[in-house]
file protein.tsv (TSV, C-alpha atoms and all ligand atoms)
chain	number	residue	atom	x	y	z
P	1	MET	CA	171.73	119.81	-12.63
P	2	PRO	CA	168.95	119.83	-10.01
P	3	LEU	CA	171.04	117.36	-8.08
P	4	ILE	CA	173.93	119.83	-8.00
P	5	MET	CA	171.57	122.65	-6.94
P	6	HIS	CA	170.56	120.60	-3.92
P	7	SER	CA	174.10	119.60	-3.20
P	8	PRO	CA	174.71	121.72	0.01
P	9	LYS	CA	171.90	119.90	1.83
P	10	LEU	CA	172.95	116.61	0.34
P	11	GLN	CA	176.56	117.20	1.29
P	12	ARG	CA	175.56	118.08	4.85
P	13	LEU	CA	173.64	114.81	5.09
P	14	ARG	CA	176.58	112.94	3.65
P	15	THR	CA	178.92	114.58	6.15
P	16	VAL	CA	176.68	113.53	9.05
P	17	ASP	CA	176.39	110.04	7.63
P	18	HIS	CA	180.14	109.78	7.14
P	19	SER	CA	181.02	111.10	10.58
P	20	SER	CA	178.55	108.73	12.20
P	21	SER	CA	180.03	105.70	10.48
P	22	SER	CA	182.46	103.51	12.38
P	23	ARG	CA	185.16	101.29	10.98
P	24	LEU	CA	183.16	98.24	11.99
P	25	ARG	CA	181.39	96.35	9.29
P	26	VAL	CA	177.99	94.72	9.50
P	27	TYR	CA	179.30	91.16	9.67
P	28	GLN	CA	181.45	92.11	12.69
P	29	VAL	CA	178.39	93.15	14.75
P	30	TRP	CA	175.94	90.66	13.26
P	31	LYS	CA	173.28	89.55	15.74
P	32	GLY	CA	172.61	86.20	14.10
P	33	ARG	CA	174.79	83.16	14.76
P	34	ASN	CA	176.33	83.08	11.30
P	35	LYS	CA	180.05	82.66	10.74
P	36	PHE	CA	181.68	85.03	8.28
P	37	TYR	CA	184.84	84.57	6.23
P	38	CYS	CA	186.82	86.59	3.69
P	39	GLY	CA	185.78	89.88	5.28
P	40	GLY	CA	182.05	89.11	5.24
P	41	ARG	CA	181.98	87.92	1.63
P	42	ILE	CA	181.18	84.33	2.63
P	43	VAL	CA	178.46	83.63	5.17
P	44	PHE	CA	178.03	80.20	6.75
P	45	GLY	CA	175.58	78.95	9.33
P	46	PRO	CA	176.68	78.50	12.95
P	47	ASP	CA	177.63	74.81	12.59
P	48	ILE	CA	180.36	74.97	9.98
P	49	LYS	CA	181.92	71.71	11.21
P	50	SER	CA	178.98	69.82	9.75
P	51	ILE	CA	180.11	70.83	6.25
P	52	PHE	CA	183.43	69.05	6.77
P	53	MET	CA	181.54	66.03	8.08
P	54	THR	CA	179.36	66.01	4.94
P	55	LEU	CA	182.43	66.53	2.74
P	56	SER	CA	184.20	63.57	4.32
P	57	LEU	CA	181.11	61.37	3.89
P	58	ILE	CA	181.29	62.15	0.17
P	59	LEU	CA	185.04	62.36	-0.45
P	60	ILE	CA	186.35	59.40	1.56
P	61	PRO	CA	184.25	56.76	-0.30
P	62	VAL	CA	184.94	58.42	-3.67
P	63	ILE	CA	188.70	58.49	-3.03
P	64	MET	CA	188.53	54.82	-1.96
P	65	PHE	CA	186.72	54.11	-5.23
P	66	TRP	CA	189.43	55.89	-7.27
P	67	VAL	CA	192.29	54.19	-5.40
P	68	PHE	CA	191.02	50.60	-5.08
P	69	VAL	CA	188.32	50.06	-7.72
P	70	ALA	CA	188.98	52.43	-10.64
P	71	LYS	CA	192.18	50.70	-11.77
P	72	GLY	CA	190.41	47.34	-12.19
P	73	LEU	CA	187.62	48.97	-14.21
P	74	ILE	CA	190.06	50.77	-16.54
P	75	ILE	CA	192.04	47.56	-17.15
P	76	SER	CA	188.89	45.51	-17.82
P	77	TYR	CA	186.83	48.01	-19.80
P	78	SER	CA	189.55	50.42	-21.08
P	79	ARG	CA	187.61	53.38	-22.62
P	80	GLU	CA	184.32	52.71	-20.83
P	81	GLY	CA	186.26	52.30	-17.58
P	82	ILE	CA	187.96	55.68	-18.06
P	83	ILE	CA	184.57	57.30	-18.78
P	84	LEU	CA	183.17	55.86	-15.55
P	85	VAL	CA	186.08	57.19	-13.49
P	86	VAL	CA	186.14	60.64	-15.13
P	87	THR	CA	182.36	60.97	-14.70
P	88	SER	CA	182.68	60.23	-10.99
P	89	ALA	CA	185.41	62.91	-10.67
P	90	LEU	CA	183.32	65.55	-12.49
P	91	LEU	CA	180.22	64.70	-10.48
P	92	THR	CA	182.18	64.95	-7.23
P	93	ALA	CA	183.60	68.37	-8.17
P	94	TYR	CA	180.10	69.56	-9.13
P	95	ILE	CA	178.68	68.37	-5.79
P	96	ILE	CA	181.40	70.16	-3.80
P	97	VAL	CA	180.68	73.41	-5.65
P	98	LEU	CA	176.94	73.02	-4.95
P	99	LEU	CA	177.63	72.28	-1.28
P	100	PHE	CA	179.60	75.51	-0.92
P	101	LEU	CA	177.02	77.51	-2.88
P	102	THR	CA	174.33	76.23	-0.50
P	103	SER	CA	176.34	76.66	2.69
P	104	GLY	CA	178.41	79.75	2.01
P	105	SER	CA	175.80	82.26	0.89
P	106	ASP	CA	172.95	84.29	2.33
P	107	PRO	CA	169.91	81.96	2.28
P	108	GLY	CA	167.53	84.96	2.25
P	109	ILE	CA	168.03	86.60	5.64
P	110	ILE	CA	165.79	89.58	6.33
P	111	PRO	CA	167.75	92.37	8.07
P	112	ARG	CA	166.59	93.13	11.59
P	113	ASN	CA	165.00	96.43	12.45
P	114	SER	CA	166.51	98.67	15.07
P	115	GLN	CA	163.03	99.74	16.24
P	116	PRO	CA	159.63	98.02	16.22
P	117	PRO	CA	157.30	99.02	13.39
P	118	ASP	CA	154.64	101.64	14.02
P	119	PRO	CA	151.26	99.82	14.33
P	120	ASP	CA	149.37	102.90	13.12
P	121	ASP	CA	151.56	103.31	10.08
P	122	ASP	CA	149.73	101.99	7.04
P	123	SER	CA	152.10	103.48	4.51
P	124	SER	CA	152.53	100.20	2.68
P	125	GLY	CA	149.45	100.89	0.61
P	126	VAL	CA	148.41	97.28	1.14
P	127	SER	CA	145.15	96.47	2.86
P	128	THR	CA	145.85	95.07	6.28
P	129	ASP	CA	144.10	94.50	9.57
P	130	TRP	CA	145.26	93.30	12.92
P	131	GLY	CA	144.80	89.59	13.38
P	132	SER	CA	145.34	89.62	17.12
P	133	SER	CA	144.51	91.77	20.06
P	134	LEU	CA	147.56	90.40	21.86
P	135	SER	CA	150.58	92.66	21.83
P	136	SER	CA	154.24	91.83	21.85
P	137	ALA	CA	156.75	93.22	24.34
P	138	HIS	CA	157.27	96.05	21.85
P	139	GLY	CA	153.60	97.03	22.03
P	140	VAL	CA	152.71	95.97	18.50
P	141	PRO	CA	150.09	93.29	17.66
P	142	LEU	CA	151.50	89.79	17.36
P	143	THR	CA	149.79	89.00	14.08
P	144	LYS	CA	148.61	90.94	11.09
P	145	ASN	CA	146.30	89.94	8.25
P	146	VAL	CA	147.58	90.82	4.82
P	147	TYR	CA	145.21	90.77	1.85
P	148	ILE	CA	146.86	89.41	-1.25
P	149	ASN	CA	144.57	89.61	-4.25
P	150	GLY	CA	141.58	88.60	-2.19
P	151	ILE	CA	143.42	85.95	-0.20
P	152	VAL	CA	144.06	86.67	3.45
P	153	VAL	CA	147.47	85.68	4.71
P	154	LYS	CA	148.28	85.99	8.39
P	155	VAL	CA	151.78	87.21	9.14
P	156	LYS	CA	153.38	87.09	12.54
P	157	TYR	CA	155.49	89.64	14.31
P	158	CYS	CA	159.05	88.50	15.06
P	159	GLN	CA	160.08	89.90	18.43
P	160	THR	CA	163.75	89.15	17.80
P	161	CYS	CA	164.00	90.85	14.41
P	162	MET	CA	161.28	93.44	15.19
P	163	LEU	CA	159.44	93.00	11.93
P	164	TYR	CA	156.35	91.36	10.51
P	165	ARG	CA	157.52	88.28	8.73
P	166	PRO	CA	156.58	88.22	5.07
P	167	PRO	CA	154.49	85.23	3.97
P	168	ARG	CA	156.57	82.02	3.86
P	169	CYS	CA	159.23	83.56	6.10
P	170	SER	CA	160.20	81.98	9.40
P	171	HIS	CA	162.71	82.64	12.14
P	172	CYS	CA	165.44	79.98	12.32
P	173	SER	CA	166.18	79.31	15.97
P	174	ILE	CA	169.59	77.84	15.12
P	175	CYS	CA	170.85	80.75	13.02
P	176	ASN	CA	168.71	83.31	14.90
P	177	ASN	CA	167.57	85.03	11.71
P	178	CYS	CA	164.33	85.49	9.82
P	179	VAL	CA	164.72	83.74	6.46
P	180	GLU	CA	162.58	84.31	3.38
P	181	ARG	CA	160.77	81.27	1.93
P	182	PHE	CA	162.25	79.30	4.80
P	183	ASP	CA	162.46	75.62	3.90
P	184	HIS	CA	164.38	74.17	6.83
P	185	HIS	CA	167.71	74.41	8.62
P	186	CYS	CA	169.83	71.63	7.15
P	187	PRO	CA	172.33	70.14	9.60
P	188	TRP	CA	174.24	68.47	6.73
P	189	VAL	CA	175.05	71.76	4.99
P	190	GLY	CA	175.08	73.69	8.29
P	191	GLN	CA	172.95	76.47	6.86
P	192	CYS	CA	169.34	77.53	6.48
P	193	VAL	CA	167.74	76.55	3.20
P	194	GLY	CA	165.65	79.45	1.97
P	195	LYS	CA	164.68	81.62	-0.96
P	196	ARG	CA	168.24	82.22	-2.23
P	197	ASN	CA	169.82	78.77	-1.89
P	198	TYR	CA	166.99	76.27	-2.25
P	199	ARG	CA	167.83	75.56	-5.90
P	200	TYR	CA	171.46	74.78	-5.03
P	201	PHE	CA	170.34	72.62	-2.12
P	202	PHE	CA	168.05	70.54	-4.31
P	203	MET	CA	170.74	70.15	-6.98
P	204	PHE	CA	173.21	69.14	-4.28
P	205	VAL	CA	170.90	66.42	-2.93
P	206	SER	CA	169.88	65.11	-6.36
P	207	SER	CA	173.50	65.11	-7.64
P	208	THR	CA	174.62	63.22	-4.54
P	209	THR	CA	171.97	60.60	-5.36
P	210	LEU	CA	173.39	60.33	-8.88
P	211	LEU	CA	176.94	59.94	-7.54
P	212	CYS	CA	175.78	57.21	-5.16
P	213	LEU	CA	174.10	55.33	-8.01
P	214	HIS	CA	177.18	55.81	-10.16
P	215	VAL	CA	179.58	54.38	-7.55
P	216	LEU	CA	177.12	51.57	-6.76
P	217	PHE	CA	176.94	50.62	-10.44
P	218	SER	CA	180.73	50.87	-10.97
P	219	CYS	CA	181.53	48.75	-7.92
P	220	SER	CA	178.95	46.14	-8.95
P	221	LEU	CA	180.67	46.04	-12.36
P	222	ASN	CA	183.99	45.53	-10.60
P	223	ILE	CA	182.58	42.58	-8.64
P	224	ARG	CA	181.34	41.09	-11.88
P	225	VAL	CA	184.81	41.44	-13.39
P	226	VAL	CA	186.30	39.58	-10.40
P	227	MET	CA	183.60	36.87	-10.67
P	228	ASN	CA	184.39	36.33	-14.37
P	229	LYS	CA	188.13	36.36	-13.76
P	230	HIS	CA	188.11	33.82	-10.91
P	231	HIS	CA	184.91	31.98	-11.88
P	232	CYS	CA	183.58	32.46	-8.36
P	233	THR	CA	180.41	33.43	-6.50
P	234	PRO	CA	179.57	37.08	-5.68
P	235	TRP	CA	180.45	36.51	-2.03
P	236	MET	CA	183.91	35.19	-2.96
P	237	ALA	CA	184.36	38.13	-5.36
P	238	ILE	CA	183.59	40.54	-2.50
P	239	GLN	CA	186.26	38.80	-0.43
P	240	GLN	CA	188.68	39.31	-3.33
P	241	SER	CA	187.71	42.97	-3.66
P	242	PRO	CA	186.50	43.98	-0.16
P	243	ILE	CA	186.59	47.76	-0.80
P	244	ALA	CA	184.19	47.37	-3.74
P	245	GLY	CA	181.91	45.28	-1.53
P	246	MET	CA	182.05	47.84	1.24
P	247	LEU	CA	181.29	50.69	-1.17
P	248	ILE	CA	178.30	48.76	-2.55
P	249	GLY	CA	176.88	48.47	0.98
P	250	TYR	CA	177.63	52.11	1.83
P	251	THR	CA	176.19	53.62	-1.36
P	252	PHE	CA	173.13	51.33	-1.16
P	253	VAL	CA	172.26	52.72	2.29
P	254	ILE	CA	173.03	56.36	1.39
P	255	CYS	CA	171.01	56.04	-1.84
P	256	TRP	CA	167.86	55.35	0.17
P	257	PHE	CA	168.47	58.47	2.25
P	258	VAL	CA	169.45	61.00	-0.44
P	259	GLY	CA	167.20	59.38	-3.05
P	260	GLY	CA	164.23	59.61	-0.70
P	261	LEU	CA	165.09	63.21	0.06
P	262	THR	CA	165.30	63.98	-3.67
P	263	MET	CA	161.88	62.43	-4.29
P	264	PHE	CA	160.38	64.31	-1.35
P	265	HIS	CA	161.75	67.65	-2.62
P	266	LEU	CA	160.54	66.86	-6.15
P	267	TYR	CA	157.06	66.49	-4.65
P	268	LEU	CA	157.47	69.78	-2.72
P	269	ILE	CA	158.70	71.61	-5.83
P	270	SER	CA	155.88	70.27	-8.00
P	271	THR	CA	153.27	71.41	-5.43
P	272	ASN	CA	155.11	74.64	-4.47
P	273	GLN	CA	155.51	73.86	-0.80
P	274	THR	CA	158.40	74.27	1.55
P	275	THR	CA	159.43	71.53	3.98
P	276	TYR	CA	158.31	73.78	6.84
P	277	GLU	CA	154.87	74.31	5.29
P	278	ASN	CA	154.50	70.63	4.51
P	279	PHE	CA	155.15	69.60	8.09
P	280	ARG	CA	153.26	72.46	9.69
P	281	TYR	CA	150.23	73.10	7.53
P	282	GLN	CA	149.80	69.93	5.46
P	283	TYR	CA	147.52	71.80	3.16
P	284	ASP	CA	145.86	70.01	0.36
P	285	ARG	CA	146.09	71.21	-3.21
P	286	LYS	CA	143.24	73.69	-2.94
P	287	MET	CA	144.43	75.33	0.23
P	288	ASN	CA	147.91	76.13	-1.00
P	289	PRO	CA	147.78	79.62	-2.57
P	290	TYR	CA	151.25	79.20	-4.07
P	291	ASN	CA	150.44	76.13	-6.14
P	292	VAL	CA	150.10	77.30	-9.73
P	293	GLY	CA	150.51	73.98	-11.50
P	294	ILE	CA	153.45	71.59	-11.80
P	295	PHE	CA	155.09	73.30	-14.76
P	296	ARG	CA	155.02	76.81	-13.31
P	297	ASN	CA	155.97	75.57	-9.85
P	298	CYS	CA	159.06	73.90	-11.33
P	299	MET	CA	159.89	76.99	-13.41
P	300	GLU	CA	159.75	79.09	-10.26
P	301	VAL	CA	162.41	76.97	-8.58
P	302	PHE	CA	164.67	76.15	-11.51
P	303	CYS	CA	164.32	79.04	-13.96
P	304	SER	CA	163.59	82.14	-11.88
P	305	ARG	CA	166.34	84.68	-11.22
P	306	LYS	CA	168.17	84.37	-7.92
P	307	PRO	CA	166.97	87.28	-5.77
P	308	ARG	CA	169.55	89.78	-4.57
P	309	SER	CA	170.60	89.56	-0.96
P	310	ARG	CA	168.93	92.07	1.34
P	311	ASN	CA	172.13	92.29	3.35
P	312	ASP	CA	175.39	94.04	2.65
P	313	PHE	CA	177.54	92.30	5.23
P	314	ARG	CA	180.57	94.42	4.33
P	315	ALA	CA	178.84	97.78	4.72
P	316	LEU	CA	179.99	100.12	7.50
P	317	VAL	CA	177.91	100.20	10.68
P	318	ARG	CA	176.43	103.54	11.67
P	319	ASN	CA	177.35	104.60	15.19
P	320	ASP	CA	174.04	106.32	15.82
P	321	SER	CA	172.07	103.14	15.34
P	322	PRO	CA	172.17	100.32	17.84
P	323	VAL	CA	171.63	97.21	15.74
P	324	ASN	CA	172.24	96.22	12.17
P	325	SER	CA	171.64	99.69	10.82
P	326	TYR	CA	174.30	100.36	8.32
P	327	THR	CA	175.11	102.65	5.48
P	328	GLY	CA	174.88	100.03	2.75
P	329	VAL	CA	171.20	99.22	3.07
P	330	THR	CA	169.99	102.13	5.18
P	331	SER	CA	167.16	103.00	2.87
P	332	ASP	CA	166.05	99.38	2.77
P	333	LEU	CA	166.13	99.20	6.54
P	334	GLU	CA	164.33	102.47	7.00
P	335	MET	CA	161.62	101.25	4.70
P	336	GLY	CA	161.59	97.96	6.56
P	337	ARG	CA	161.21	99.75	9.89
P	338	ARG	CA	158.23	101.63	8.63
P	339	ARG	CA	156.55	98.85	6.75
P	340	GLY	CA	157.82	95.68	8.33
P	341	PHE	CA	158.62	94.28	4.89
P	342	ASP	CA	158.69	95.25	1.24
P	343	ALA	CA	155.72	95.56	-1.02
P	344	ASP	CA	157.19	92.69	-3.03
P	345	ASP	CA	156.40	90.47	-0.11
P	346	PHE	CA	152.73	91.18	-0.49
P	347	GLU	CA	152.83	90.32	-4.12
P	348	ASP	CA	150.76	87.41	-5.17
P	349	PRO	CA	153.03	84.43	-5.80
P	350	ARG	CA	151.61	84.09	-9.29
P	351	ASN	CA	152.76	87.63	-10.03
P	352	ARG	CA	156.26	86.76	-8.91
P	353	ILE	CA	156.55	84.44	-11.86
P	354	GLY	CA	154.56	86.73	-14.10
P	355	HIS	CA	157.29	86.60	-16.74
P	356	LEU	CA	156.26	83.03	-17.37
P	357	GLY	CA	153.07	84.23	-18.89
P	358	ARG	CA	149.71	85.51	-17.88
P	359	LEU	CA	148.34	83.42	-15.09
P	360	GLU	CA	144.73	83.00	-14.33
P	361	ARG	CA	143.50	84.24	-11.02
P	362	CYS	CA	143.24	81.39	-8.59
P	363	ARG	CA	139.72	80.93	-7.32
P	364	THR	CA	140.47	78.31	-4.75
P	365	GLN	CA	139.89	80.71	-1.86
P	366	PRO	CA	137.05	83.18	-1.50
P	367	ARG	CA	137.90	86.59	-0.06
P	368	HIS	CA	138.42	86.60	3.68
P	369	ASP	CA	139.12	82.90	3.82
P	370	HIS	CA	142.21	82.57	5.90
P	371	TRP	CA	145.19	80.72	4.57
P	372	GLU	CA	146.78	79.73	7.78
P	373	ASP	CA	147.71	76.91	10.02
P	374	ARG	CA	144.88	74.44	10.34
P	375	ARG	CA	145.50	74.55	14.02
P	376	GLY	CA	145.10	78.33	13.76
P	377	ASN	CA	148.54	78.89	15.14
P	378	TRP	CA	151.26	80.74	13.26
P	379	ARG	CA	154.77	80.60	14.48
A	1	ZN	ZN	163.16	86.91	13.21
A	2	ZN	ZN	169.27	78.24	10.15

call {"tool": "encode", "arguments": {"input": "protein.tsv", "output": "structure tokens", "more": "lines below"}}
Ligand SMILES: [Zn+2]
Ligand SMILES: [Zn+2]
result
Amino acid sequence: MPLIMHSPKLQRLRTVDHSSSSRLRVYQVWKGRNKFYCGGRIVFGPDIKSIFMTLSLILIPVIMFWVFVAKGLIISYSREGIILVVTSALLTAYIIVLLFLTSGSDPGIIPRNSQPPDPDDDSSGVSTDWGSSLSSAHGVPLTKNVYINGIVVKVKYCQTCMLYRPPRCSHCSICNNCVERFDHHCPWVGQCVGKRNYRYFFMFVSSTTLLCLHVLFSCSLNIRVVMNKHHCTPWMAIQQSPIAGMLIGYTFVICWFVGGLTMFHLYLISTNQTTYENFRYQYDRKMNPYNVGIFRNCMEVFCSRKPRSRNDFRALVRNDSPVNSYTGVTSDLEMGRRRGFDADDFEDPRNRIGHLGRLERCRTQPRHDHWEDRRGNWR
């Protein structure tokens, strides 16, 4: 009932809001370099052609395997041969789905502000101080120190997005967006890898390694069949079945690449680092405030809920606002303009996985010790 009592004012606001809305949707005026499809429902990075390149690098060898090698395996091993071929088909389908989940979704883009944040506004309720006397073109300090449970984290102002980047966020120069828990921009999937698609990315890379090993094993088995059939050397068998030989060479090389990448990301996951942090900060175990032990680090990546996108790409754009201010996430944006970023962003990383159990307070860093670039230079 109180809502109905206030309805005249509310209706007036709604009328203003409605009249100020255009027919344009957010994805049609998007400032980043993303490519949108299906009316803004699917969002790719700027280099969508690279996805087709990656797809062909996976599909062409697999199709060659099905056409030239699979038949020999089924004839020689009957049931086991069929299992090998069906497994390769299922694995390929799974990898394609993961590729599109990684490439075709919001990696964790933070919506831009239409105005710079107010430096005097400390409405976040979080203890902060200014880490730099230097000001940006917008007149706000370039860095800001954020106190997270006694740990000081320096956040940098993004002049393009007009916001203070939350911890672990970085601006991708290729996509031209600020991305949460930015890992890297992957040229193979043509998209940023961030908070919302890292899990899919890792599963894509590790599953591709499995497919490579699978095809490598199956083709080696095929060569063995030819050797037994003709009582010949491996080299002669490869001449008899050149496609199998070629696939062995191809998968052997690719295995080193994707297998190495899988191992590297397993290390990053177990120590709770992003690729960006690993290359930029190279912090040891004690300096990384996000490292809460292998088990919890892995749970955070594999078992945590996928965060909701901060963007409603299909929402209507408001005419009275110059950039990326739209009806769908207005309140979020307004809050963002005032605070730079949500209170969640200040949350201690151990609290973010609080559902995993009570975690002990990390004592690796005394208060006022700065967790920052060893070169003292945040980007
Ligand atoms: Zn930015
Ligand atoms: Zn990017």

call {"tool": "closest_residue", "arguments": {"input": "protein.tsv", "among": "P:Leu57, P:Cys175, P:Leu216, P:Ala93", "to": "P:Leu247", "atoms": "all atoms listed in the file"}}
result
P:Leu216

call {"tool": "atom_distance", "arguments": {"input": "protein.tsv", "atom1": "atom CA of P:His184", "atom2": "atom CA of P:Phe264"}}
result
13.4 Å

call {"tool": "residues_around", "arguments": {"input": "protein.tsv", "residues": "P:Val189", "least_positions_apart": "6", "cutoff": "10 Å", "atoms": "only C-alpha atoms", "output": "mmCIF file with C-alpha atoms, in the frame of the given file"}}
result
data_model
loop_
_atom_site.group_PDB
_atom_site.id
_atom_site.type_symbol
_atom_site.label_atom_id
_atom_site.label_comp_id
_atom_site.auth_asym_id
_atom_site.auth_seq_id
_atom_site.Cartn_x
_atom_site.Cartn_y
_atom_site.Cartn_z
ATOM 1 C CA PHE P 44 178.030 80.200 6.750
ATOM 2 C CA GLY P 45 175.580 78.950 9.330
ATOM 3 C CA ASP P 47 177.630 74.810 12.590
ATOM 4 C CA ILE P 48 180.360 74.970 9.980
ATOM 5 C CA LYS P 49 181.920 71.710 11.210
ATOM 6 C CA SER P 50 178.980 69.820 9.750
ATOM 7 C CA ILE P 51 180.110 70.830 6.250
ATOM 8 C CA PHE P 52 183.430 69.050 6.770
ATOM 9 C CA MET P 53 181.540 66.030 8.080
ATOM 10 C CA THR P 54 179.360 66.010 4.940
ATOM 11 C CA LEU P 55 182.430 66.530 2.740
ATOM 12 C CA LEU P 99 177.630 72.280 -1.280
ATOM 13 C CA PHE P 100 179.600 75.510 -0.920
ATOM 14 C CA LEU P 101 177.020 77.510 -2.880
ATOM 15 C CA THR P 102 174.330 76.230 -0.500
ATOM 16 C CA SER P 103 176.340 76.660 2.690
ATOM 17 C CA GLY P 104 178.410 79.750 2.010
ATOM 18 C CA PHE P 201 170.340 72.620 -2.120
ATOM 19 C CA PHE P 204 173.210 69.140 -4.280
#

call {"tool": "residues_near_ligand", "arguments": {"input": "protein.tsv", "ligand": "ligand ZN 2 (chain A)", "cutoff": "6 Å", "atoms": "all atoms listed in the file", "output": "ChimeraX atom specification"}}
result
/P:172,174-175,185,191-192

call {"tool": "closest_residue", "arguments": {"input": "protein.tsv", "among": "P:Gly260, P:Gly32, P:Gly190, P:Pro307", "to": "ligand ZN 1 (chain A)", "atoms": "only C-alpha atoms and all ligand atoms"}}
result
P:Gly32

call {"tool": "atom_distance", "arguments": {"input": "protein.tsv", "atom1": "atom CA of P:Pro46", "atom2": "atom CA of P:Pro116"}}
result
26.1 Å

call {"tool": "residues_near_ligand", "arguments": {"input": "protein.tsv", "ligand": "ligand ZN 1 (chain A)", "cutoff": "7 Å", "atoms": "all atoms listed in the file", "output": "JSON, numbers by chain"}}
result
{"P": [158, 159, 160, 161, 170, 171, 176, 177, 178]}

call {"tool": "axis_aligned_box", "arguments": {"input": "protein.tsv", "around": "stretch 210-225 of chain P", "padding_each_side": "3 Å", "output": "lines of an AutoDock Vina configuration file"}}
result
center_x = 179.1
center_y = 50.7
center_z = -9.3
size_x = 17.4
size_y = 25.2
size_z = 14.2

call {"tool": "atom_distance", "arguments": {"input": "protein.tsv", "atom1": "atom CA of P:Pro117", "atom2": "atom CA of P:Leu163"}}
result
6.6 Å

call {"tool": "residues_around", "arguments": {"input": "protein.tsv", "residues": "stretch 220-237 of chain P", "least_positions_apart": "3", "cutoff": "12 Å", "atoms": "all atoms listed in the file", "output": "MDAnalysis selection string"}}
result
chainID P and resid 65 68:77 80:81 84 213:217 240:249 251:252

call {"tool": "residues_around", "arguments": {"input": "protein.tsv", "residues": "P:Asn297", "least_positions_apart": "6", "cutoff": "8 Å", "atoms": "all atoms listed in the file", "output": "ChimeraX atom specification"}}
result
/P:269-272,291

call {"tool": "write_last_selection", "arguments": {"input": "protein.tsv", "atoms": "C-alpha atoms", "output": "PDB file, in the frame of the given file"}}
result
ATOM      1  CA  ILE P 269     158.700  71.610  -5.830  1.00  0.00           C
ATOM      2  CA  SER P 270     155.880  70.270  -8.000  1.00  0.00           C
ATOM      3  CA  THR P 271     153.270  71.410  -5.430  1.00  0.00           C
ATOM      4  CA  ASN P 272     155.110  74.640  -4.470  1.00  0.00           C
ATOM      5  CA  ASN P 291     150.440  76.130  -6.140  1.00  0.00           C
TER       6      ASN P 291
END
